[in-house]
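Here is the file run.tsv (TSV, C-alpha atoms and all ligand atoms).
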```tsv
chain	number	residue	atom	x	y	z
O	318	MET	CA	11.48	113.51	58.69
O	319	GLY	CA	9.64	115.71	61.22
O	320	ILE	CA	7.88	119.06	60.83
O	321	LYS	CA	8.36	121.23	63.90
O	322	ILE	CA	7.11	124.61	65.05
O	323	ILE	CA	10.34	126.44	65.92
O	324	ALA	CA	9.21	130.04	66.39
O	325	THR	CA	6.25	132.37	66.77
O	326	GLY	CA	5.70	136.12	66.53
O	327	ARG	CA	2.92	138.66	66.87
O	328	TYR	CA	1.95	142.24	66.26
O	329	VAL	CA	-1.04	144.29	67.30
O	330	PRO	CA	-1.53	147.95	66.36
O	331	GLU	CA	-0.88	150.56	69.04
O	332	ARG	CA	-4.34	152.12	69.11
O	333	VAL	CA	-6.62	150.58	71.74
O	334	LEU	CA	-10.39	150.87	71.42
O	335	THR	CA	-12.14	150.40	74.76
O	336	ASN	CA	-15.74	149.53	75.55
O	337	ALA	CA	-16.08	153.08	76.85
O	338	ASP	CA	-15.01	154.37	73.42
O	339	LEU	CA	-17.68	152.18	71.79
O	340	GLU	CA	-20.31	153.58	74.13
O	341	LYS	CA	-19.74	156.92	72.36
O	342	MET	CA	-20.11	155.35	68.90
O	343	VAL	CA	-23.18	153.07	69.18
O	344	GLU	CA	-25.93	152.37	71.69
O	345	THR	CA	-24.11	149.88	73.91
O	346	SER	CA	-22.52	149.61	77.34
O	347	ASP	CA	-19.32	148.28	78.84
O	348	GLU	CA	-21.47	146.01	81.01
O	349	TRP	CA	-23.32	144.51	77.99
O	350	ILE	CA	-20.12	143.88	76.05
O	351	ARG	CA	-18.25	142.37	78.99
O	352	THR	CA	-21.06	140.10	80.16
O	353	ARG	CA	-22.11	138.95	76.66
O	354	THR	CA	-18.62	138.56	75.16
O	355	GLY	CA	-15.82	138.96	77.74
O	356	ILE	CA	-14.17	141.63	75.55
O	357	GLU	CA	-12.80	144.79	77.19
O	358	THR	CA	-10.45	146.26	74.58
O	359	ARG	CA	-9.34	145.61	71.00
O	360	HIS	CA	-6.46	147.00	68.93
O	361	ILE	CA	-7.28	148.92	65.76
O	362	ALA	CA	-4.89	149.60	62.88
O	363	ASP	CA	-4.50	153.16	61.68
O	364	ALA	CA	-5.53	154.20	58.16
O	365	SER	CA	-2.00	153.80	56.80
O	366	GLN	CA	-1.60	150.20	58.03
O	367	ALA	CA	-2.75	147.29	55.89
O	368	THR	CA	-2.72	143.60	56.72
O	369	SER	CA	0.71	143.06	55.11
O	370	ASP	CA	2.20	145.78	57.33
O	371	MET	CA	1.06	143.91	60.44
O	372	CYS	CA	2.34	140.65	58.90
O	373	ARG	CA	5.77	142.23	58.44
O	374	GLU	CA	6.12	143.02	62.14
O	375	ALA	CA	4.90	139.58	63.27
O	376	ALA	CA	7.16	137.87	60.71
O	377	LYS	CA	10.26	139.81	61.83
O	378	ASN	CA	9.47	138.81	65.39
O	379	ALA	CA	9.24	135.11	64.49
O	380	LEU	CA	12.34	135.16	62.23
O	381	GLU	CA	14.32	136.65	65.09
O	382	MET	CA	13.15	133.88	67.44
O	383	ALA	CA	13.97	131.22	64.83
O	384	GLY	CA	17.38	132.76	64.16
O	385	ILE	CA	17.03	132.34	60.41
O	386	ALA	CA	17.30	134.80	57.51
O	387	PRO	CA	14.24	135.66	55.36
O	388	SER	CA	16.07	134.18	52.36
O	389	GLU	CA	15.92	130.75	54.03
O	390	LEU	CA	12.10	130.68	53.84
O	391	GLY	CA	10.85	128.33	51.12
O	392	ALA	CA	7.19	129.37	51.35
O	393	ILE	CA	4.92	131.97	52.93
O	394	VAL	CA	1.24	131.31	53.63
O	395	VAL	CA	-1.00	134.11	54.89
O	396	ALA	CA	-4.40	133.17	56.30
O	397	THR	CA	-6.64	136.21	55.96
O	398	ILE	CA	-10.06	137.46	54.88
O	399	THR	CA	-8.80	141.05	54.82
O	400	PRO	CA	-5.96	140.94	52.27
O	401	ASP	CA	-4.43	144.25	51.15
O	402	HIS	CA	-5.83	143.51	47.64
O	403	SER	CA	-7.77	140.71	45.92
O	404	PHE	CA	-4.50	140.25	44.09
O	405	PRO	CA	-1.56	140.17	44.37
O	406	ASN	CA	-1.84	138.04	47.46
O	407	THR	CA	-0.71	139.36	50.83
O	408	ALA	CA	2.04	136.75	51.08
O	409	CYS	CA	3.70	138.18	47.93
O	410	LEU	CA	3.60	141.67	49.41
O	411	LEU	CA	5.14	140.38	52.61
O	412	GLN	CA	7.79	138.44	50.68
O	413	GLU	CA	9.02	141.66	49.08
O	414	GLU	CA	8.87	143.61	52.37
O	415	ILE	CA	11.04	141.17	54.28
O	416	GLY	CA	13.26	140.07	51.39
O	417	ALA	CA	12.20	136.40	51.38
O	418	LYS	CA	13.12	136.05	47.72
O	419	ASN	CA	13.25	132.24	47.71
O	420	ALA	CA	9.70	131.73	49.01
O	421	PHE	CA	6.65	130.81	46.96
O	422	CYS	CA	3.63	132.65	48.30
O	423	PHE	CA	-0.10	132.28	48.67
O	424	ASP	CA	-3.01	133.43	50.83
O	425	LEU	CA	-5.54	131.02	52.31
O	426	SER	CA	-9.15	131.98	52.94
O	427	ALA	CA	-10.90	130.04	55.70
O	428	ALA	CA	-11.90	133.00	57.92
O	429	CYS	CA	-11.28	132.36	61.62
O	430	SER	CA	-10.17	128.76	60.94
O	431	GLY	CA	-7.49	130.12	58.60
O	432	LEU	CA	-4.43	129.58	60.77
O	433	ILE	CA	-5.39	125.97	61.50
O	434	TYR	CA	-6.07	125.27	57.81
O	435	SER	CA	-2.75	126.94	56.93
O	436	LEU	CA	-0.65	125.03	59.45
O	437	VAL	CA	-2.04	121.73	58.16
O	438	THR	CA	-1.46	122.83	54.54
O	439	ALA	CA	2.11	123.90	55.32
O	440	GLN	CA	2.92	120.61	57.01
O	441	ALA	CA	1.49	118.64	54.06
O	442	LEU	CA	3.49	120.71	51.56
O	443	MET	CA	6.68	120.26	53.56
O	444	LYS	CA	6.20	116.49	53.65
O	445	MET	CA	5.94	116.30	49.86
O	446	THR	CA	8.54	118.91	48.85
O	447	PRO	CA	12.17	117.83	49.22
O	448	ASN	CA	13.83	121.25	49.55
O	449	LEU	CA	11.19	122.99	51.64
O	450	LYS	CA	13.00	123.43	54.98
O	451	TYR	CA	11.34	126.52	56.46
O	452	VAL	CA	7.76	127.76	55.98
O	453	LEU	CA	6.34	130.96	57.43
O	454	VAL	CA	2.62	130.80	58.24
O	455	LEU	CA	0.67	133.86	59.32
O	456	GLY	CA	-2.86	134.60	60.47
O	457	ALA	CA	-3.51	138.30	60.00
O	458	GLU	CA	-6.52	140.58	59.80
O	459	LYS	CA	-7.47	144.20	59.56
O	460	LEU	CA	-11.08	143.45	60.46
O	461	SER	CA	-11.64	147.11	61.29
O	462	SER	CA	-11.67	147.68	57.51
O	463	ILE	CA	-14.78	145.48	57.06
O	464	VAL	CA	-16.62	146.22	60.33
O	465	ASP	CA	-19.73	148.39	60.18
O	466	TRP	CA	-18.98	150.88	62.93
O	467	ASP	CA	-22.68	151.78	63.10
O	468	ASP	CA	-23.76	148.18	63.79
O	469	ARG	CA	-23.65	147.40	67.51
O	470	ASN	CA	-24.30	143.70	66.85
O	471	THR	CA	-20.86	143.29	65.28
O	472	CYS	CA	-18.61	146.30	65.89
O	473	VAL	CA	-18.00	145.48	69.55
O	474	LEU	CA	-16.59	142.04	68.72
O	475	PHE	CA	-13.65	142.47	66.37
O	476	GLY	CA	-10.04	143.68	66.45
O	477	ASP	CA	-6.89	143.79	64.29
O	478	GLY	CA	-3.62	141.90	64.58
O	479	ALA	CA	-1.14	139.49	63.03
O	480	ALA	CA	0.53	136.33	64.27
O	481	ALA	CA	3.32	134.25	62.75
O	482	VAL	CA	4.51	130.66	63.08
O	483	ILE	CA	7.66	129.18	61.52
O	484	LEU	CA	7.83	125.47	60.71
O	485	GLU	CA	11.09	123.61	60.14
O	486	LYS	CA	11.71	120.23	58.54
O	487	THR	CA	14.03	118.24	60.79
O	488	ASP	CA	15.72	114.85	60.60
O	489	ASP	CA	13.95	113.23	63.56
O	490	GLY	CA	10.56	111.62	63.01
O	491	ASN	CA	8.53	113.89	65.31
O	492	ASP	CA	5.91	116.28	63.97
O	493	SER	CA	4.52	119.13	66.09
O	494	ILE	CA	1.09	118.42	64.58
O	495	LYS	CA	0.08	115.05	66.00
O	496	ALA	CA	-3.38	115.01	64.45
O	497	TYR	CA	-5.83	117.39	62.86
O	498	ASN	CA	-9.45	117.61	61.85
O	499	LEU	CA	-10.79	120.06	59.26
O	500	GLY	CA	-14.35	120.59	58.10
O	501	ALA	CA	-16.72	122.93	56.30
O	502	ASP	CA	-20.42	123.43	55.64
O	503	GLY	CA	-21.19	125.75	52.75
O	504	ALA	CA	-24.93	125.46	53.45
O	505	CYS	CA	-24.35	127.86	56.37
O	506	LYS	CA	-22.59	130.46	54.23
O	507	ASP	CA	-25.17	133.17	54.94
O	508	ILE	CA	-24.88	133.35	58.74
O	509	LEU	CA	-21.41	134.95	58.60
O	510	PHE	CA	-20.31	136.70	55.42
O	511	MET	CA	-19.54	139.88	53.55
O	512	PRO	CA	-22.07	140.38	50.74
O	513	ALA	CA	-20.17	142.68	48.34
O	514	GLY	CA	-16.69	143.26	46.99
O	515	GLY	CA	-16.29	139.95	45.15
O	516	SER	CA	-17.43	138.82	41.70
O	517	ARG	CA	-21.00	138.10	42.96
O	518	MET	CA	-21.56	141.75	43.84
O	519	PRO	CA	-18.69	143.95	42.69
O	520	ALA	CA	-18.25	147.32	44.38
O	521	SER	CA	-20.73	149.90	43.08
O	522	LEU	CA	-22.31	153.08	44.32
O	523	GLU	CA	-25.35	150.99	45.26
O	524	SER	CA	-23.36	148.34	47.16
O	525	VAL	CA	-21.65	151.07	49.18
O	526	GLN	CA	-24.87	152.96	49.86
O	527	ASN	CA	-26.55	149.73	51.00
O	528	ARG	CA	-23.66	148.97	53.38
O	529	LYS	CA	-22.86	145.65	51.70
O	530	HIS	CA	-19.08	145.81	52.26
O	531	PHE	CA	-19.26	144.91	55.94
O	532	ILE	CA	-19.34	141.75	58.07
O	533	ASN	CA	-22.89	140.42	58.16
O	534	MET	CA	-23.63	138.02	61.01
O	535	THR	CA	-26.54	136.15	62.61
O	536	GLY	CA	-24.99	136.06	66.07
O	537	LYS	CA	-27.17	133.49	67.83
O	538	GLU	CA	-26.87	130.90	65.06
O	539	VAL	CA	-23.12	131.40	64.81
O	540	PHE	CA	-22.88	130.92	68.59
O	541	LYS	CA	-24.66	127.54	68.52
O	542	PHE	CA	-22.76	126.34	65.50
O	543	ALA	CA	-19.43	127.41	66.98
O	544	VAL	CA	-19.84	125.38	70.15
O	545	ASN	CA	-20.95	122.21	68.34
O	546	ALA	CA	-18.29	122.43	65.62
O	547	MET	CA	-15.37	123.11	67.96
O	548	VAL	CA	-16.41	120.36	70.36
O	549	SER	CA	-16.85	117.60	67.76
O	550	SER	CA	-13.77	118.63	65.77
O	551	SER	CA	-11.63	118.73	68.94
O	552	GLN	CA	-12.90	115.31	70.01
O	553	GLN	CA	-12.03	113.84	66.61
O	554	ALA	CA	-8.52	115.36	66.65
O	555	MET	CA	-7.90	114.06	70.18
O	556	THR	CA	-9.11	110.57	69.21
O	557	ASP	CA	-6.84	110.57	66.14
O	558	ALA	CA	-3.88	111.74	68.24
O	559	GLY	CA	-4.61	109.10	70.88
O	560	VAL	CA	-4.92	111.63	73.70
O	561	ALA	CA	-7.60	112.31	76.33
O	562	PRO	CA	-8.73	115.70	77.70
O	563	ASP	CA	-6.56	115.08	80.78
O	564	ASP	CA	-3.47	114.93	78.55
O	565	ILE	CA	-4.12	118.42	77.17
O	566	LYS	CA	-1.98	121.04	78.92
O	567	PHE	CA	-3.77	123.93	77.20
O	568	LEU	CA	-6.88	124.32	75.09
O	569	VAL	CA	-6.35	127.28	72.74
O	570	PRO	CA	-9.70	128.08	71.13
O	571	HIS	CA	-10.40	130.78	68.55
O	572	GLN	CA	-11.05	133.87	70.67
O	573	ALA	CA	-14.61	134.69	69.62
O	574	ASN	CA	-16.63	135.05	72.79
O	575	TYR	CA	-15.90	134.08	76.39
O	576	ARG	CA	-19.24	132.26	76.69
O	577	ILE	CA	-18.49	130.17	73.57
O	578	LEU	CA	-15.05	129.25	74.94
O	579	LYS	CA	-16.46	128.33	78.32
O	580	ALA	CA	-19.15	126.10	76.78
O	581	VAL	CA	-16.56	124.34	74.58
O	582	ALA	CA	-14.22	123.72	77.51
O	583	GLN	CA	-17.05	122.38	79.67
O	584	ARG	CA	-18.21	119.95	77.00
O	585	LEU	CA	-14.64	118.80	76.38
O	586	ASP	CA	-14.11	118.30	80.10
O	587	ILE	CA	-11.14	120.65	80.19
O	588	PRO	CA	-11.10	122.93	83.25
O	589	GLU	CA	-11.15	126.66	82.60
O	590	GLU	CA	-7.68	127.22	84.09
O	591	ARG	CA	-6.28	125.17	81.20
O	592	VAL	CA	-8.04	127.29	78.56
O	593	TYR	CA	-5.84	130.07	77.20
O	594	MET	CA	-7.74	133.32	76.68
O	595	ASN	CA	-6.73	136.81	75.69
O	596	LEU	CA	-9.95	137.95	74.01
O	597	ASN	CA	-10.53	140.45	76.81
O	598	ARG	CA	-7.58	142.44	75.38
O	599	TYR	CA	-7.76	141.75	71.63
O	600	GLY	CA	-11.37	140.86	70.84
O	601	ASN	CA	-11.96	138.52	67.90
O	602	THR	CA	-9.05	138.89	65.45
O	603	SER	CA	-10.23	136.04	63.18
O	604	ALA	CA	-7.27	134.18	61.60
O	605	ALA	CA	-4.81	135.93	63.95
O	606	SER	CA	-6.46	134.92	67.20
O	607	ILE	CA	-4.95	131.48	67.88
O	608	GLY	CA	-1.52	132.70	66.75
O	609	LEU	CA	-1.69	135.67	69.13
O	610	CYS	CA	-2.39	133.20	71.94
O	611	LEU	CA	0.43	130.84	70.94
O	612	ASP	CA	3.00	133.61	70.78
O	613	GLU	CA	2.00	134.97	74.19
O	614	MET	CA	2.23	131.47	75.64
O	615	VAL	CA	5.67	130.87	74.12
O	616	ARG	CA	7.08	134.21	75.24
O	617	ASN	CA	5.67	133.74	78.75
O	618	ASN	CA	7.27	130.27	78.97
O	619	LEU	CA	3.95	128.51	79.48
O	620	LEU	CA	4.86	125.64	77.14
O	621	GLN	CA	7.44	122.94	77.90
O	622	LYS	CA	8.79	120.30	75.55
O	623	GLY	CA	6.30	117.45	75.23
O	624	ASP	CA	3.23	119.46	76.30
O	625	LYS	CA	0.06	118.65	74.36
O	626	VAL	CA	-1.87	121.68	73.11
O	627	LEU	CA	-5.30	121.55	71.49
O	628	LEU	CA	-6.07	124.32	68.97
O	629	THR	CA	-9.65	124.67	67.75
O	630	ALA	CA	-11.48	127.23	65.62
O	631	PHE	CA	-14.59	127.92	63.57
O	632	GLY	CA	-15.42	130.74	61.18
O	633	GLY	CA	-17.19	131.99	58.09
O	634	GLY	CA	-17.80	129.46	55.36
O	635	LEU	CA	-18.65	127.92	57.67
O	636	THR	CA	-15.31	126.31	58.35
O	637	TRP	CA	-13.85	124.63	61.40
O	638	GLY	CA	-10.71	122.83	62.40
O	639	SER	CA	-8.66	121.46	65.29
O	640	ILE	CA	-5.04	120.46	65.79
O	641	VAL	CA	-3.39	118.48	68.57
O	642	LEU	CA	0.16	119.82	68.91
O	643	GLU	CA	3.03	118.32	70.83
O	644	TRP	CA	5.33	121.11	71.84
T	701	LIG	N1	-24.89	146.47	73.01
T	701	LIG	C1	-26.11	146.42	73.54
T	701	LIG	N2	-27.08	145.62	73.06
T	701	LIG	C2	-26.79	144.86	72.02
T	701	LIG	C3	-25.54	144.86	71.42
T	701	LIG	C4	-24.57	145.71	71.95
T	701	LIG	N3	-23.32	145.81	71.44
T	701	LIG	N4	-25.53	143.98	70.39
T	701	LIG	C5	-26.74	143.43	70.36
T	701	LIG	N5	-27.51	143.96	71.33
T	701	LIG	C6	-28.89	143.66	71.64
T	701	LIG	C7	-29.63	142.98	70.52
T	701	LIG	O1	-30.09	143.95	69.61
T	701	LIG	C8	-30.75	142.31	71.26
T	701	LIG	O2	-31.75	143.25	71.48
T	701	LIG	P1	-33.29	142.86	71.23
T	701	LIG	O3	-33.54	141.70	72.16
T	701	LIG	O4	-34.00	144.11	71.58
T	701	LIG	O5	-33.37	142.47	69.80
T	701	LIG	C9	-30.14	141.99	72.61
T	701	LIG	O6	-28.94	142.76	72.70
T	701	LIG	C10	-29.81	140.54	72.86
T	701	LIG	O7	-29.20	140.03	71.74
T	701	LIG	P2	-28.90	138.51	71.66
T	701	LIG	O8	-28.74	138.16	70.21
T	701	LIG	O9	-29.83	137.73	72.51
T	701	LIG	O10	-27.49	138.43	72.41
T	701	LIG	P3	-26.58	137.17	72.59
T	701	LIG	O11	-26.60	136.75	73.99
T	701	LIG	O12	-26.82	136.13	71.52
T	701	LIG	O13	-25.15	137.81	72.29
T	701	LIG	C11	-23.51	137.92	70.54
T	701	LIG	C12	-24.88	138.38	71.02
T	701	LIG	C13	-23.26	138.49	69.16
T	701	LIG	C14	-22.47	138.43	71.51
T	701	LIG	C15	-23.49	136.36	70.51
T	701	LIG	O14	-24.60	135.88	69.82
T	701	LIG	C16	-22.25	135.82	69.86
T	701	LIG	O15	-21.14	135.99	70.36
T	701	LIG	N6	-22.39	135.12	68.74
T	701	LIG	C17	-21.25	134.57	68.04
T	701	LIG	C18	-20.57	135.67	67.29
T	701	LIG	C19	-19.22	135.30	66.80
T	701	LIG	O16	-18.46	134.65	67.47
T	701	LIG	N7	-18.90	135.76	65.59
T	701	LIG	C20	-17.63	135.57	65.01
T	701	LIG	C21	-17.46	134.20	64.52
T	701	LIG	S1	-15.82	133.90	64.03
```
This structure in structure tokens:
Amino acid sequence: MGIKIIATGRYVPERVLTNADLEKMVETSDEWIRTRTGIETRHIADASQATSDMCREAAKNALEMAGIAPSELGAIVVATITPDHSFPNTACLLQEEIGAKNAFCFDLSAACSGLIYSLVTAQALMKMTPNLKYVLVLGAEKLSSIVDWDDRNTCVLFGDGAAAVILEKTDDGNDSIKAYNLGADGACKDILFMPAGGSRMPASLESVQNRKHFINMTGKEVFKFAVNAMVSSSQQAMTDAGVAPDDIKFLVPHQANYRILKAVAQRLDIPEERVYMNLNRYGNTSAASIGLCLDEMVRNNLLQKGDKVLLTAFGGGLTWGSIVLEW
């Protein structure tokens, strides 16, 4: 038995928010944003679009590439921290939208590490479930719905989007995921979180007035943590897969900040030309970011059979994770 990635898909909303647009909203500059983060534009969903709507477009895209019908999906997993509702889960909403009536459905919350956590979870489920042939995994976020557009420390960083991956169980013994490493540290929960809207602090007039329903971040600490976590997790995944940095065709890191990505690549001894980046166009799309990269790479024919790809991410929780893929 082998679990293979057979298709990818993506969707980003039409509306583009530029650094020049942000200059009119908060006290910032294109120069500051570009030099501190590498971000130039991000896509922002309109008021009528929720996360499941973006998932639908990315899923259709991936199903078309896979050449399978929605009814053939045995499970749908949506990695997100911006679900349409607390419940029902976003995967159920998507199931109905695309007519995947034979799929069981759940969301997975691991912030920006969500797609990596979900791919590992999907592979494990497929290994232990006899009739699970196709699983649809998505990373999708409408971060614009939880960004404080008056806070220059955070609002310049994030964007919206959805990315899909379809896994198939095949008869040969080769898995796409050669090795993985996942980790978490709840002691760092307060450096990247949203204070209100859950059972700890339900929505109230006070929580809204005190701006508690937005992303709250201690940027410098997150930066340091991100570099260390992605480097050590990547090294462990490479060791477990029996590969060296030279064997990696592409490093695909969570698209948080150009300076973070550069530091990770340097410490892993992977030259920058082998690091895939699109954060200049999309900003940080949390769980969607690695999937948006993968789909661009697939559709631009950057990946050949046998290529080794290293995915690595970190996010709120804090969580982190890495996967060595063989394409
Ligand atoms: N425009 C202009 N100035 C800004 C600004 C903006 N958009 N945002 C912050 N500043 C200011 C700060 O207020 C600070 O001013 P002060 O010195 O007067 O207090 C100054 O710029 C420098 O801030 P500093 O924190 O030193 O910047 P930095 O080099 O650490 O970069 C981040 C800030 C947020 C870009 C960086 O810390 C980062 O990327 N952290 C990780 C964030 C992340 O990836 N989050 C998502 C995780 S999934």
Residues of chain O that have any atom at most 6 Å from an atom of ligand LIG 701 (chain T): could you tabulate them with the shortest-distance atom pair and the distance in Å to one decimal, using only C-alpha atoms and all ligand atoms, ordered by chain and increasing number, as a Markdown table?
```
| residue | atom | partner | partner_atom | distance |
| --- | --- | --- | --- | --- |
| O:Thr345 | CA | T:LIG701 | N1 | 3.6 |
| O:Ser346 | CA | T:LIG701 | N1 | 5.9 |
| O:Trp349 | CA | T:LIG701 | N1 | 5.6 |
| O:Ile350 | CA | T:LIG701 | N3 | 5.9 |
| O:Arg353 | CA | T:LIG701 | C14 | 5.2 |
| O:Thr354 | CA | T:LIG701 | C14 | 5.3 |
| O:Cys429 | CA | T:LIG701 | S1 | 5.4 |
| O:Arg469 | CA | T:LIG701 | N3 | 4.3 |
| O:Asn470 | CA | T:LIG701 | N4 | 3.8 |
| O:Val473 | CA | T:LIG701 | N3 | 5.7 |
| O:Gly536 | CA | T:LIG701 | O14 | 3.8 |
| O:Lys537 | CA | T:LIG701 | O14 | 4.0 |
| O:Val539 | CA | T:LIG701 | C17 | 4.9 |
| O:Phe540 | CA | T:LIG701 | C17 | 4.0 |
| O:Ala573 | CA | T:LIG701 | O16 | 4.4 |
| O:Asn574 | CA | T:LIG701 | O15 | 5.2 |
| O:Gly632 | CA | T:LIG701 | S1 | 4.3 |
```
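With only C-alpha atoms as the atoms that count, the minimum distance from O:Lys622 to the choices O:Tyr599, O:Glu643, O:Glu590, O:Thr438 is reached by O:Glu643.
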Practice prompt. Name the residues in contact with O:Ile607 at a cut-off of 9 Å, using all atoms listed in the file, excluding same-chain residues fewer than 5 positions from it; report them as a ChimeraX atom specification.
Written response: /O:429,432-433,456,480,569-572,602,612,628-630
Practice prompt. Name the residues in contact with O:Arg327 at a cut-off of 7 Å, using all atoms listed in the file, excluding same-chain residues fewer than 4 positions from it; report them as a ChimeraX atom specification.
Written response: /O:375,378,479-481,609,612
Worksheet item: For the point (1.2, 129.4, 56.3) in file coordinates, what residues are within 6 Å, counting all atoms listed in the file? Give the answer as number ranges by chain?
Response: O: 393-395, 435-436, 439, 453-455
Expected file: the selected residues, C-alpha atoms, as an mmCIF file, keeping the file's coordinate frame:
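Dumped to out-v6.cif:
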```cif
data_model
loop_
_atom_site.group_PDB
_atom_site.id
_atom_site.type_symbol
_atom_site.label_atom_id
_atom_site.label_comp_id
_atom_site.auth_asym_id
_atom_site.auth_seq_id
_atom_site.Cartn_x
_atom_site.Cartn_y
_atom_site.Cartn_z
ATOM 1 C CA ILE O 393 4.920 131.970 52.930
ATOM 2 C CA VAL O 394 1.240 131.310 53.630
ATOM 3 C CA VAL O 395 -1.000 134.110 54.890
ATOM 4 C CA SER O 435 -2.750 126.940 56.930
ATOM 5 C CA LEU O 436 -0.650 125.030 59.450
ATOM 6 C CA ALA O 439 2.110 123.900 55.320
ATOM 7 C CA LEU O 453 6.340 130.960 57.430
ATOM 8 C CA VAL O 454 2.620 130.800 58.240
ATOM 9 C CA LEU O 455 0.670 133.860 59.320
#
```
Worksheet, complete the sentence: As a check of understanding: the span from atom CA of O:Ile361 to atom CA of O:Lys579 is 25.8 Å
Fill in: Atom-to-atom span, atom CA of O:Val437 and atom CA of O:Arg576, Å
27.4 Å
Fill in: Nearest candidate to O:Ser430 (options O:Ser461, O:Asn491, O:Ser403, O:Asn498; using all atoms listed in the file)
O:Asn498
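Reported to one decimal place, the separation of atom CA of O:Ser606 from atom CA of O:Glu344 is 26.5 Å.
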Worksheet item: Which polymer residues have any atom within 9 Å of an atom of O:Cys472, counting all atoms listed in the file, with same-chain residues fewer than 6 positions away left out, as a PyMOL selection string?
Response: chain O and resi 339+343+461+464-466
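Those residues that approach O:Ala457 to within 8 Å, counting all atoms listed in the file, are Thr368, Met371, Cys372, Val395, Ala396, Thr397, Thr399, Asp477, Gly478, Ala479, Ala480, Thr602, Ser603, Ala604 and Ala605 of chain O; same-chain residues fewer than 6 positions away are not listed.
Between O:Asp563 and the candidates O:Met534, O:Leu627, O:Cys505, O:Leu596, the tightest atom-to-atom separation, counting all atoms listed in the file, involves O:Leu627.
The closest residue to O:Asp424, picked from O:Gly490, O:Pro400, O:Pro447, O:Gly608 and counting all atoms listed in the file, is O:Pro400.
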Worksheet item: Closest to O:Val548 among O:Asp363, O:Asp370, O:Glu348, O:Asp586, using only C-alpha atoms?
Response: O:Asp586
Item to complete: Write out as a ChimeraX atom specification the residues lying within 10 Å of O:Pro512, counting only C-alpha atoms and excluding same-chain residues fewer than 4 positions away.
Response: /O:507,517-519,524,528-533
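Of the residues under consideration (O:Pro405, O:Gly600, O:Pro588, O:Gly559), O:Gly600 shows the shortest atom-to-atom contact distance to O:His360 when counting all atoms listed in the file.
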Worksheet item: Within 10 Å of (1.2, 123.4, 48.6), only C-alpha atoms: residues as a PyMOL selection string?
Response: chain O and resi 392+394+421-423+435+438-446
